[in-house]
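Novice: Got a structure for you, data-v5.cif, holding mmCIF, C-alpha atoms, pLDDT in the B column; chains and numbers go by the auth columns.
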```cif
data_protein
#
loop_
_atom_site.group_PDB
_atom_site.id
_atom_site.type_symbol
_atom_site.label_atom_id
_atom_site.label_comp_id
_atom_site.label_asym_id
_atom_site.label_seq_id
_atom_site.Cartn_x
_atom_site.Cartn_y
_atom_site.Cartn_z
_atom_site.B_iso_or_equiv
_atom_site.auth_seq_id
_atom_site.auth_asym_id
ATOM 1 C CA MET A 1 4.845 -77.536 67.723 51.00 1 A
ATOM 2 C CA ASN A 2 6.780 -80.783 67.783 53.00 2 A
ATOM 3 C CA LEU A 3 6.273 -83.596 70.292 54.00 3 A
ATOM 4 C CA PHE A 4 8.592 -86.537 70.934 49.00 4 A
ATOM 5 C CA PHE A 5 8.606 -89.508 73.308 47.00 5 A
ATOM 6 C CA PHE A 6 11.720 -91.180 74.686 45.00 6 A
ATOM 7 C CA PHE A 7 12.530 -94.043 76.945 42.00 7 A
ATOM 8 C CA VAL A 8 15.724 -92.862 78.609 41.00 8 A
ATOM 9 C CA LEU A 9 18.569 -95.278 79.184 35.00 9 A
ATOM 10 C CA PRO A 10 21.490 -94.885 81.618 35.00 10 A
ATOM 11 C CA LEU A 11 23.998 -92.304 80.459 33.00 11 A
ATOM 12 C CA ARG A 12 27.559 -91.278 80.884 34.00 12 A
ATOM 13 C CA MET A 13 28.747 -87.684 80.743 38.00 13 A
ATOM 14 C CA ALA A 14 30.602 -87.221 77.490 48.00 14 A
ATOM 15 C CA ASP A 15 31.533 -85.186 74.467 61.00 15 A
ATOM 16 C CA SER A 16 29.923 -88.083 72.604 63.00 16 A
ATOM 17 C CA THR A 17 27.625 -90.814 73.837 68.00 17 A
ATOM 18 C CA GLN A 18 26.223 -94.200 72.932 61.00 18 A
ATOM 19 C CA ILE A 19 22.653 -93.060 73.659 68.00 19 A
ATOM 20 C CA GLU A 20 20.770 -93.629 70.430 78.00 20 A
ATOM 21 C CA TRP A 21 18.543 -90.549 70.750 83.00 21 A
ATOM 22 C CA THR A 22 21.297 -87.993 71.420 90.00 22 A
ATOM 23 C CA ASP A 23 24.840 -87.244 70.296 94.00 23 A
ATOM 24 C CA SER A 24 26.415 -85.640 73.381 95.00 24 A
ATOM 25 C CA THR A 25 25.745 -84.739 76.976 95.00 25 A
ATOM 26 C CA TRP A 26 26.399 -81.327 78.523 97.00 26 A
ATOM 27 C CA ASN A 27 26.400 -80.920 82.279 97.00 27 A
ATOM 28 C CA PRO A 28 26.743 -77.309 83.450 98.00 28 A
ATOM 29 C CA VAL A 29 25.156 -78.585 86.680 98.00 29 A
ATOM 30 C CA THR A 30 25.734 -81.941 88.350 97.00 30 A
ATOM 31 C CA GLY A 31 24.131 -83.505 91.371 97.00 31 A
ATOM 32 C CA CYS A 32 20.562 -83.420 92.578 97.00 32 A
ATOM 33 C CA THR A 33 18.187 -84.308 95.404 97.00 33 A
ATOM 34 C CA LYS A 34 15.403 -86.866 95.386 96.00 34 A
ATOM 35 C CA ILE A 35 11.850 -85.604 95.028 96.00 35 A
ATOM 36 C CA THR A 36 9.810 -88.719 94.132 95.00 36 A
ATOM 37 C CA ALA A 37 10.023 -92.499 94.095 95.00 37 A
ATOM 38 C CA GLY A 38 11.208 -92.128 90.495 93.00 38 A
ATOM 39 C CA CYS A 39 14.490 -90.844 91.940 95.00 39 A
ATOM 40 C CA ASP A 40 15.112 -93.861 94.169 94.00 40 A
ATOM 41 C CA PHE A 41 17.365 -95.714 91.724 87.00 41 A
ATOM 42 C CA CYS A 42 18.947 -92.731 89.987 92.00 42 A
ATOM 43 C CA TYR A 43 21.758 -93.821 87.638 89.00 43 A
ATOM 44 C CA ALA A 44 23.447 -90.406 87.927 92.00 44 A
ATOM 45 C CA GLU A 45 23.601 -90.640 91.706 95.00 45 A
ATOM 46 C CA ARG A 46 25.002 -94.186 91.602 94.00 46 A
ATOM 47 C CA PHE A 47 27.629 -93.159 89.062 93.00 47 A
ATOM 48 C CA SER A 48 28.776 -89.990 90.817 95.00 48 A
ATOM 49 C CA GLU A 49 28.779 -91.383 94.365 96.00 49 A
ATOM 50 C CA ARG A 50 31.339 -94.006 93.279 96.00 50 A
ATOM 51 C CA PHE A 51 33.853 -91.160 93.006 96.00 51 A
ATOM 52 C CA ARG A 52 33.008 -89.238 96.213 96.00 52 A
ATOM 53 C CA GLY A 53 36.247 -88.314 97.921 96.00 53 A
ATOM 54 C CA VAL A 54 38.493 -89.077 94.940 96.00 54 A
ATOM 55 C CA PRO A 55 40.769 -86.007 94.808 96.00 55 A
ATOM 56 C CA GLY A 56 40.581 -84.114 91.518 94.00 56 A
ATOM 57 C CA HIS A 57 37.749 -86.221 90.068 94.00 57 A
ATOM 58 C CA PRO A 58 34.798 -84.234 88.635 93.00 58 A
ATOM 59 C CA PHE A 59 32.575 -86.072 91.139 95.00 59 A
ATOM 60 C CA GLU A 60 34.864 -85.641 94.141 95.00 60 A
ATOM 61 C CA GLN A 61 31.773 -84.192 95.901 95.00 61 A
ATOM 62 C CA GLY A 62 29.637 -87.149 94.820 96.00 62 A
ATOM 63 C CA PHE A 63 26.077 -86.229 93.885 97.00 63 A
ATOM 64 C CA ASP A 64 26.006 -82.935 95.793 98.00 64 A
ATOM 65 C CA LEU A 65 24.435 -80.221 93.655 98.00 65 A
ATOM 66 C CA THR A 66 27.331 -78.454 91.928 97.00 66 A
ATOM 67 C CA LEU A 67 27.298 -75.564 89.459 98.00 67 A
ATOM 68 C CA ARG A 68 29.978 -75.953 86.783 97.00 68 A
ATOM 69 C CA PRO A 69 30.497 -72.458 85.307 98.00 69 A
ATOM 70 C CA LYS A 70 33.589 -73.570 83.355 97.00 70 A
ATOM 71 C CA ARG A 71 31.316 -75.802 81.270 97.00 71 A
ATOM 72 C CA LEU A 72 28.826 -73.078 80.326 98.00 72 A
ATOM 73 C CA ASP A 73 30.370 -72.325 76.934 97.00 73 A
ATOM 74 C CA GLN A 74 31.172 -75.924 75.960 97.00 74 A
ATOM 75 C CA PRO A 75 28.543 -76.171 73.147 98.00 75 A
ATOM 76 C CA LEU A 76 29.974 -73.032 71.546 98.00 76 A
ATOM 77 C CA HIS A 77 33.168 -75.001 70.848 97.00 77 A
ATOM 78 C CA TRP A 78 31.369 -77.889 69.151 97.00 78 A
ATOM 79 C CA ARG A 79 31.218 -76.624 65.582 95.00 79 A
ATOM 80 C CA GLU A 80 29.323 -79.533 64.003 96.00 80 A
ATOM 81 C CA PRO A 81 25.594 -79.664 64.865 97.00 81 A
ATOM 82 C CA ARG A 82 24.693 -82.131 67.624 96.00 82 A
ATOM 83 C CA ARG A 83 21.705 -83.267 69.640 96.00 83 A
ATOM 84 C CA ILE A 84 22.799 -82.471 73.181 97.00 84 A
ATOM 85 C CA PHE A 85 21.192 -83.897 76.319 96.00 85 A
ATOM 86 C CA VAL A 86 21.452 -81.064 78.857 98.00 86 A
ATOM 87 C CA ASN A 87 22.162 -82.057 82.465 96.00 87 A
ATOM 88 C CA SER A 88 22.131 -85.815 82.118 94.00 88 A
ATOM 89 C CA MET A 89 23.682 -85.808 85.602 95.00 89 A
ATOM 90 C CA SER A 90 21.284 -83.327 87.234 97.00 90 A
ATOM 91 C CA ASP A 91 18.067 -81.351 86.799 98.00 91 A
ATOM 92 C CA LEU A 92 18.524 -77.846 85.405 98.00 92 A
ATOM 93 C CA PHE A 93 15.375 -76.694 87.207 98.00 93 A
ATOM 94 C CA HIS A 94 16.458 -77.843 90.669 98.00 94 A
ATOM 95 C CA LYS A 95 15.233 -75.242 93.175 98.00 95 A
ATOM 96 C CA GLU A 96 18.804 -74.521 94.317 98.00 96 A
ATOM 97 C CA VAL A 97 20.095 -73.666 90.834 98.00 97 A
ATOM 98 C CA PRO A 98 20.027 -69.852 90.660 98.00 98 A
ATOM 99 C CA VAL A 99 17.832 -68.368 87.947 98.00 99 A
ATOM 100 C CA SER A 100 20.833 -66.325 86.782 98.00 100 A
ATOM 101 C CA PHE A 101 22.722 -69.587 86.154 98.00 101 A
ATOM 102 C CA ILE A 102 19.775 -71.088 84.251 98.00 102 A
ATOM 103 C CA ASP A 103 19.675 -67.848 82.238 98.00 103 A
ATOM 104 C CA THR A 104 23.305 -68.371 81.252 98.00 104 A
ATOM 105 C CA VAL A 105 22.583 -71.966 80.181 98.00 105 A
ATOM 106 C CA PHE A 106 19.706 -70.718 78.020 98.00 106 A
ATOM 107 C CA ASP A 107 21.891 -67.900 76.653 98.00 107 A
ATOM 108 C CA THR A 108 24.421 -70.516 75.534 98.00 108 A
ATOM 109 C CA MET A 109 21.717 -72.681 73.956 98.00 109 A
ATOM 110 C CA GLU A 110 20.325 -69.668 72.106 98.00 110 A
ATOM 111 C CA ASN A 111 23.791 -68.523 70.957 98.00 111 A
ATOM 112 C CA ALA A 112 24.857 -72.004 69.803 98.00 112 A
ATOM 113 C CA SER A 113 21.653 -72.480 67.835 98.00 113 A
ATOM 114 C CA TRP A 114 23.177 -74.933 65.343 98.00 114 A
ATOM 115 C CA HIS A 115 22.720 -77.619 68.013 98.00 115 A
ATOM 116 C CA THR A 116 19.510 -79.226 69.250 98.00 116 A
ATOM 117 C CA TYR A 117 19.195 -79.288 73.049 98.00 117 A
ATOM 118 C CA GLN A 118 17.181 -81.826 75.037 98.00 118 A
ATOM 119 C CA VAL A 119 16.298 -80.521 78.508 98.00 119 A
ATOM 120 C CA LEU A 120 14.480 -83.073 80.697 97.00 120 A
ATOM 121 C CA THR A 121 13.086 -82.330 84.162 98.00 121 A
ATOM 122 C CA LYS A 122 11.051 -83.770 86.994 98.00 122 A
ATOM 123 C CA ARG A 123 10.594 -80.208 88.287 98.00 123 A
ATOM 124 C CA SER A 124 8.060 -79.309 85.631 98.00 124 A
ATOM 125 C CA SER A 125 6.282 -76.475 87.447 98.00 125 A
ATOM 126 C CA LEU A 126 9.610 -74.671 87.882 98.00 126 A
ATOM 127 C CA MET A 127 10.383 -75.204 84.197 98.00 127 A
ATOM 128 C CA ALA A 128 7.002 -73.798 83.111 97.00 128 A
ATOM 129 C CA ARG A 129 7.433 -70.772 85.389 98.00 129 A
ATOM 130 C CA TYR A 130 10.970 -70.164 84.156 98.00 130 A
ATOM 131 C CA LEU A 131 9.921 -70.298 80.495 98.00 131 A
ATOM 132 C CA ARG A 132 6.995 -67.934 81.138 98.00 132 A
ATOM 133 C CA ASN A 133 9.334 -65.456 82.844 98.00 133 A
ATOM 134 C CA ARG A 134 12.017 -65.726 80.165 98.00 134 A
ATOM 135 C CA TYR A 135 9.872 -65.743 77.025 98.00 135 A
ATOM 136 C CA GLY A 136 6.592 -64.121 78.105 96.00 136 A
ATOM 137 C CA THR A 137 4.039 -64.888 75.398 94.00 137 A
ATOM 138 C CA LYS A 138 6.728 -66.096 72.984 96.00 138 A
ATOM 139 C CA LEU A 139 8.055 -69.653 72.819 97.00 139 A
ATOM 140 C CA ALA A 140 11.474 -71.051 73.578 98.00 140 A
ATOM 141 C CA PRO A 141 13.249 -71.599 70.243 98.00 141 A
ATOM 142 C CA PRO A 142 12.434 -74.896 68.494 97.00 142 A
ATOM 143 C CA HIS A 143 16.032 -76.131 68.766 98.00 143 A
ATOM 144 C CA ILE A 144 15.618 -76.171 72.579 98.00 144 A
ATOM 145 C CA TRP A 145 13.457 -79.207 73.322 98.00 145 A
ATOM 146 C CA LEU A 146 11.829 -79.131 76.745 98.00 146 A
ATOM 147 C CA GLY A 147 10.526 -82.277 78.331 97.00 147 A
ATOM 148 C CA VAL A 148 9.238 -83.930 81.459 97.00 148 A
ATOM 149 C CA SER A 149 9.878 -87.322 82.972 96.00 149 A
ATOM 150 C CA ILE A 150 6.788 -89.195 84.195 96.00 150 A
ATOM 151 C CA GLU A 151 7.218 -92.379 86.206 96.00 151 A
ATOM 152 C CA ASP A 152 3.676 -93.099 87.476 96.00 152 A
ATOM 153 C CA ALA A 153 0.135 -91.702 87.693 96.00 153 A
ATOM 154 C CA LYS A 154 0.943 -89.632 90.783 95.00 154 A
ATOM 155 C CA ASN A 155 3.475 -87.636 88.782 96.00 155 A
ATOM 156 C CA ALA A 156 1.466 -87.392 85.573 94.00 156 A
ATOM 157 C CA VAL A 157 0.685 -83.805 86.652 95.00 157 A
ATOM 158 C CA ARG A 158 3.979 -82.956 84.975 96.00 158 A
ATOM 159 C CA LEU A 159 2.161 -83.354 81.667 94.00 159 A
ATOM 160 C CA LYS A 160 -0.130 -80.478 82.694 93.00 160 A
ATOM 161 C CA HIS A 161 2.933 -78.322 83.350 95.00 161 A
ATOM 162 C CA LEU A 162 4.448 -79.333 80.010 96.00 162 A
ATOM 163 C CA LYS A 163 1.248 -78.343 78.242 93.00 163 A
ATOM 164 C CA ALA A 164 1.506 -74.894 79.853 93.00 164 A
ATOM 165 C CA ALA A 165 5.210 -74.489 79.012 95.00 165 A
ATOM 166 C CA GLN A 166 6.224 -71.786 76.532 96.00 166 A
ATOM 167 C CA ALA A 167 8.146 -74.175 74.286 96.00 167 A
ATOM 168 C CA ALA A 168 8.019 -74.809 70.554 96.00 168 A
ATOM 169 C CA THR A 169 9.300 -78.383 70.929 96.00 169 A
ATOM 170 C CA LYS A 170 8.152 -80.558 73.833 95.00 170 A
ATOM 171 C CA PHE A 171 8.736 -84.187 74.775 95.00 171 A
ATOM 172 C CA VAL A 172 7.730 -86.735 77.377 94.00 172 A
ATOM 173 C CA SER A 173 9.927 -89.465 78.798 93.00 173 A
ATOM 174 C CA PHE A 174 8.035 -92.209 80.638 93.00 174 A
ATOM 175 C CA GLU A 175 10.915 -93.289 82.867 89.00 175 A
ATOM 176 C CA PRO A 176 11.725 -94.842 85.134 91.00 176 A
ATOM 177 C CA LEU A 177 8.313 -96.415 84.679 93.00 177 A
ATOM 178 C CA ILE A 178 7.612 -97.632 88.238 95.00 178 A
ATOM 179 C CA GLY A 179 3.829 -97.832 87.966 95.00 179 A
ATOM 180 C CA PRO A 180 0.852 -97.257 85.703 96.00 180 A
ATOM 181 C CA VAL A 181 0.475 -93.707 84.400 94.00 181 A
ATOM 182 C CA GLY A 182 -3.226 -94.003 83.628 91.00 182 A
ATOM 183 C CA ASP A 183 -4.888 -92.438 80.630 89.00 183 A
ATOM 184 C CA VAL A 184 -2.577 -89.943 78.968 87.00 184 A
ATOM 185 C CA ASP A 185 -4.135 -87.482 76.552 80.00 185 A
ATOM 186 C CA LEU A 186 -1.521 -86.031 74.230 80.00 186 A
ATOM 187 C CA GLU A 187 -3.942 -84.677 71.625 73.00 187 A
ATOM 188 C CA GLY A 188 -3.701 -80.993 70.793 64.00 188 A
ATOM 189 C CA ASP A 189 -3.311 -79.795 74.362 56.00 189 A
ATOM 190 C CA LEU A 190 0.483 -79.795 74.120 59.00 190 A
ATOM 191 C CA LEU A 191 0.304 -76.920 71.657 54.00 191 A
ATOM 192 C CA PRO A 192 1.303 -73.676 73.342 52.00 192 A
#
```
As structure tokens, how would this structure be written, given the file I've shared?

Specialist:
Amino acid sequence: MNLFFFFVLPLRMADSTQIEWTDSTWNPVTGCTKITAGCDFCYAERFSERFRGVPGHPFEQGFDLTLRPKRLDQPLHWREPRRIFVNSMSDLFHKEVPVSFIDTVFDTMENASWHTYQVLTKRSSLMARYLRNRYGTKLAPPHIWLGVSIEDAKNAVRLKHLKAAQAATKFVSFEPLIGPVGDVDLEGDLLP
């Protein structure tokens, strides 16, 4: 099992990116809803709301949750291996994203296995449940990194969900760090 830590910086949706810890972003879903104080100053919301109402713009609907089925096969067309941040402009495990759509995203990630995928969520219990349902006692492939964002002690419970997740590669992003997280034990327990 592999474990990584990131401090996430503001992103732009792109075939390539200036983010030092990833090569590209892939957004088969855009938009989201706030669930904690860590969402209050969301860069993705600020970016997308600037374009609300602009005819023909990808964010014409602002930050409303939007499934983008035309983007589902995008990584299959990128022939050179990349580290891909999945849903930099959303949360794949949002409760309104149909499981069948998440399945298709995972199908693409499994089929385009020459890439490394970085899937980050604040909806960690939904992620853990999804992985258990999809993989049973097996683990998500190691090229699909699954992580949680923790912004304060109140939301450190996401680490518990990450520990339970059926994933070979896990990561934690302490961002946006809006308060103390308390003692964080990362020893051994993150192993599936």

Novice: Select from region 71-107 of chain A every residue with an atom at most 10 Å from any atom of region 32-37 of chain A, then for each give the shortest pair of atoms and their distance in Å to one decimal, using all atoms listed in the file, rows by chain and rising number, as a Markdown table.

Specialist:
```
| residue | atom | partner | partner_atom | distance |
| --- | --- | --- | --- | --- |
| A:Met89 | CA | A:Cys32 | CA | 8.0 |
| A:Ser90 | CA | A:Cys32 | CA | 5.4 |
| A:Asp91 | CA | A:Cys32 | CA | 6.6 |
| A:Leu92 | CA | A:Cys32 | CA | 9.3 |
| A:His94 | CA | A:Cys32 | CA | 7.2 |
| A:Lys95 | CA | A:Cys32 | CA | 9.8 |
| A:Glu96 | CA | A:Cys32 | CA | 9.2 |
| A:Val97 | CA | A:Cys32 | CA | 9.9 |
```

Novice: Residues around (19.1, -90.7, 85.8), cut-off 7 Å, counting only C-alpha atoms - what are they as a PDB file with C-alpha atoms, keeping the file's coordinate frame?

Specialist:
```
ATOM      1  CA  PRO A  10      21.490 -94.885  81.618  1.00 35.00           C
ATOM      2  CA  CYS A  42      18.947 -92.731  89.987  1.00 92.00           C
ATOM      3  CA  TYR A  43      21.758 -93.821  87.638  1.00 89.00           C
ATOM      4  CA  ALA A  44      23.447 -90.406  87.927  1.00 92.00           C
ATOM      5  CA  SER A  88      22.131 -85.815  82.118  1.00 94.00           C
ATOM      6  CA  MET A  89      23.682 -85.808  85.602  1.00 95.00           C
TER       7      MET A  89
END
```

Novice: Which one is closest to Asn111 (chain A): A:Leu146, A:Ser125, A:Leu76, A:Lys138? Count all atoms listed in the file.

Specialist: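 Among the listed residues, the smallest separation from Asn111 (chain A) belongs to A:Leu76.
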
Novice: For Ala167 (chain A), which of A:Val29, A:Ala140, A:Val148, A:Ala112 is the closest residue, counting all atoms listed in the file?

Specialist: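 Closest to Ala167 (chain A) of all the choices is A:Ala140.
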
Novice: I would like the residues chosen by the PyMOL selection byres ((chain A and resi 154) around 10) on the shown file; could you give them as a list in words?

Specialist: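 What the PyMOL selection byres ((chain A and resi 154) around 10) grabs from the file is Thr36, Ile150, Glu151, Asp152, Ala153, Asn155, Ala156, Val157, Arg158, Gly179, Pro180, Val181 and Gly182 of chain A.
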
Novice: CA of His57 (chain A) and CA of Gln74 (chain A), how far apart in Å?

Specialist: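 Separating CA of Gln74 (chain A) from CA of His57 (chain A) is a distance of 18.7 Å.
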
Novice: Find the residues near Leu131 (chain A): any atom within 8 Å, counting all atoms listed in the file, skip ones fewer than 2 places away on the same chain, and give them as a ChimeraX atom specification.

Specialist: /A:127-129,133-136,139-140,165-167

Novice: Please produce a file of the residues just selected, as a PDB file, in the frame of the given file, where the atoms kept are C-alpha atoms.

Specialist:
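What landed in selection-v7.pdb:
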```pdb
ATOM      1  CA  MET A 127      10.383 -75.204  84.197  1.00 98.00           C
ATOM      2  CA  ALA A 128       7.002 -73.798  83.111  1.00 97.00           C
ATOM      3  CA  ARG A 129       7.433 -70.772  85.389  1.00 98.00           C
ATOM      4  CA  ASN A 133       9.334 -65.456  82.844  1.00 98.00           C
ATOM      5  CA  ARG A 134      12.017 -65.726  80.165  1.00 98.00           C
ATOM      6  CA  TYR A 135       9.872 -65.743  77.025  1.00 98.00           C
ATOM      7  CA  GLY A 136       6.592 -64.121  78.105  1.00 96.00           C
ATOM      8  CA  LEU A 139       8.055 -69.653  72.819  1.00 97.00           C
ATOM      9  CA  ALA A 140      11.474 -71.051  73.578  1.00 98.00           C
ATOM     10  CA  ALA A 165       5.210 -74.489  79.012  1.00 95.00           C
ATOM     11  CA  GLN A 166       6.224 -71.786  76.532  1.00 96.00           C
ATOM     12  CA  ALA A 167       8.146 -74.175  74.286  1.00 96.00           C
TER      13      ALA A 167
END
```

Novice: Please define a box with edges along x, y and z of the file around all atoms of region 34-50 of chain A given in the file, extend it by 5 Å on each side, and return its centre and edge lengths in Å to one decimal, as AutoDock Vina command-line options.

Specialist:
```
--center_x 20.6 --center_y -90.7 --center_z 91.5 --size_x 31.5 --size_y 20.1 --size_z 17.7
```

Novice: Check what the PyMOL selection byres ((chain A and resi 78) around 12) selects in the file above and give those residues as a ChimeraX atom specification.

Specialist: /A:15-16,23-26,73-77,79-84,108-109,112-116

Novice: Give as a list in words the residues that the PyMOL selection byres ((chain A and resi 176) around 8) matches when applied to the coordinates above.

Specialist: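 Checking the PyMOL selection byres ((chain A and resi 176) around 8) against this file, the residues are Val8, Gly38, Ile150, Glu151, Phe174, Glu175, Leu177 and Ile178 of chain A.
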
Novice: Quick one: region 96-190 of chain A with C-alpha atoms, as a compact mmCIF listing (two decimals), in the first residue's frame?

Specialist:
```txt
# COMPACT_ATOMS: atom_id res chain seq x y z
CA GLU A 96 -26.22 13.30 -6.85
CA VAL A 97 -23.70 11.65 -9.19
CA PRO A 98 -25.33 8.35 -10.22
CA VAL A 99 -23.41 5.21 -9.30
CA SER A 100 -23.66 4.12 -12.95
CA PHE A 101 -21.78 7.29 -13.96
CA ILE A 102 -19.10 6.71 -11.31
CA ASP A 103 -18.84 3.14 -12.63
CA THR A 104 -18.12 4.50 -16.10
CA VAL A 105 -15.42 6.82 -14.72
CA PHE A 106 -13.80 3.85 -12.96
CA ASP A 107 -14.16 1.73 -16.12
CA THR A 108 -12.22 4.39 -18.03
CA MET A 109 -9.53 4.59 -15.34
CA GLU A 110 -9.17 0.80 -15.36
CA ASN A 111 -9.07 0.64 -19.18
CA ALA A 112 -6.54 3.48 -19.51
CA SER A 113 -4.25 1.92 -16.92
CA TRP A 114 -1.08 3.52 -18.30
CA HIS A 115 -2.11 6.69 -16.44
CA THR A 116 -2.10 7.37 -12.71
CA TYR A 117 -5.37 8.85 -11.41
CA GLN A 118 -5.71 11.05 -8.33
CA VAL A 119 -9.27 11.03 -6.98
CA LEU A 120 -9.81 13.40 -4.02
CA THR A 121 -13.04 13.67 -2.04
CA LYS A 122 -14.64 15.28 0.98
CA ARG A 123 -17.39 12.65 0.75
CA SER A 124 -15.22 9.90 2.16
CA SER A 125 -17.95 7.61 3.49
CA LEU A 126 -19.53 7.48 0.03
CA MET A 127 -16.13 6.72 -1.49
CA ALA A 128 -15.48 3.87 0.96
CA ARG A 129 -18.94 2.41 0.32
CA TYR A 130 -18.52 2.69 -3.44
CA LEU A 131 -15.13 0.94 -3.38
CA ARG A 132 -16.49 -1.85 -1.16
CA ASN A 133 -19.40 -2.39 -3.57
CA ARG A 134 -17.21 -2.27 -6.67
CA TYR A 135 -14.22 -4.30 -5.50
CA GLY A 136 -15.58 -6.42 -2.63
CA THR A 137 -12.57 -7.80 -0.76
CA LYS A 138 -10.17 -6.79 -3.54
CA LEU A 139 -8.50 -3.39 -3.83
CA ALA A 140 -8.88 -0.66 -6.41
CA PRO A 141 -5.88 -0.90 -8.76
CA PRO A 142 -2.72 0.86 -7.55
CA HIS A 143 -2.76 3.31 -10.47
CA ILE A 144 -6.04 4.74 -9.09
CA TRP A 145 -5.04 6.80 -6.06
CA LEU A 146 -7.91 7.53 -3.68
CA GLY A 147 -7.68 10.34 -1.20
CA VAL A 148 -9.52 12.52 1.26
CA SER A 149 -9.32 16.21 2.00
CA ILE A 150 -9.19 17.15 5.70
CA GLU A 151 -9.51 20.79 6.70
CA ASP A 152 -9.91 20.62 10.50
CA ALA A 153 -10.38 18.25 13.45
CA LYS A 154 -14.14 18.06 12.94
CA ASN A 155 -13.59 16.49 9.52
CA ALA A 156 -10.68 14.26 10.48
CA VAL A 157 -13.22 11.40 10.49
CA ARG A 158 -12.50 11.21 6.77
CA LEU A 159 -9.22 9.54 7.71
CA LYS A 160 -11.22 6.71 9.30
CA HIS A 161 -13.13 6.28 6.04
CA LEU A 162 -9.89 6.33 4.05
CA LYS A 163 -8.47 3.62 6.28
CA ALA A 164 -11.52 1.47 5.51
CA ALA A 165 -11.37 2.14 1.75
CA GLN A 166 -10.57 -0.76 -0.58
CA ALA A 167 -7.68 1.04 -2.28
CA ALA A 168 -4.10 0.01 -2.96
CA THR A 169 -2.89 3.63 -3.06
CA LYS A 170 -4.29 6.21 -0.64
CA PHE A 171 -3.48 9.85 0.07
CA VAL A 172 -4.46 12.67 2.38
CA SER A 173 -4.66 16.34 1.47
CA PHE A 174 -4.79 18.70 4.45
CA GLU A 175 -6.54 21.55 2.66
CA PRO A 176 -7.89 24.07 2.93
CA LEU A 177 -6.39 23.96 6.40
CA ILE A 178 -8.87 26.17 8.31
CA GLY A 179 -8.14 24.85 11.80
CA PRO A 180 -6.10 22.37 13.81
CA VAL A 181 -6.58 18.72 12.84
CA GLY A 182 -5.38 17.31 16.14
CA ASP A 183 -3.30 14.18 16.47
CA VAL A 184 -3.26 12.26 13.21
CA ASP A 185 -2.13 8.65 13.35
CA LEU A 186 -1.05 7.44 9.93
CA GLU A 187 0.86 4.37 11.12
CA GLY A 188 -0.17 1.03 9.66
CA ASP A 189 -3.90 1.61 9.89
CA LEU A 190 -4.09 2.90 6.32
```
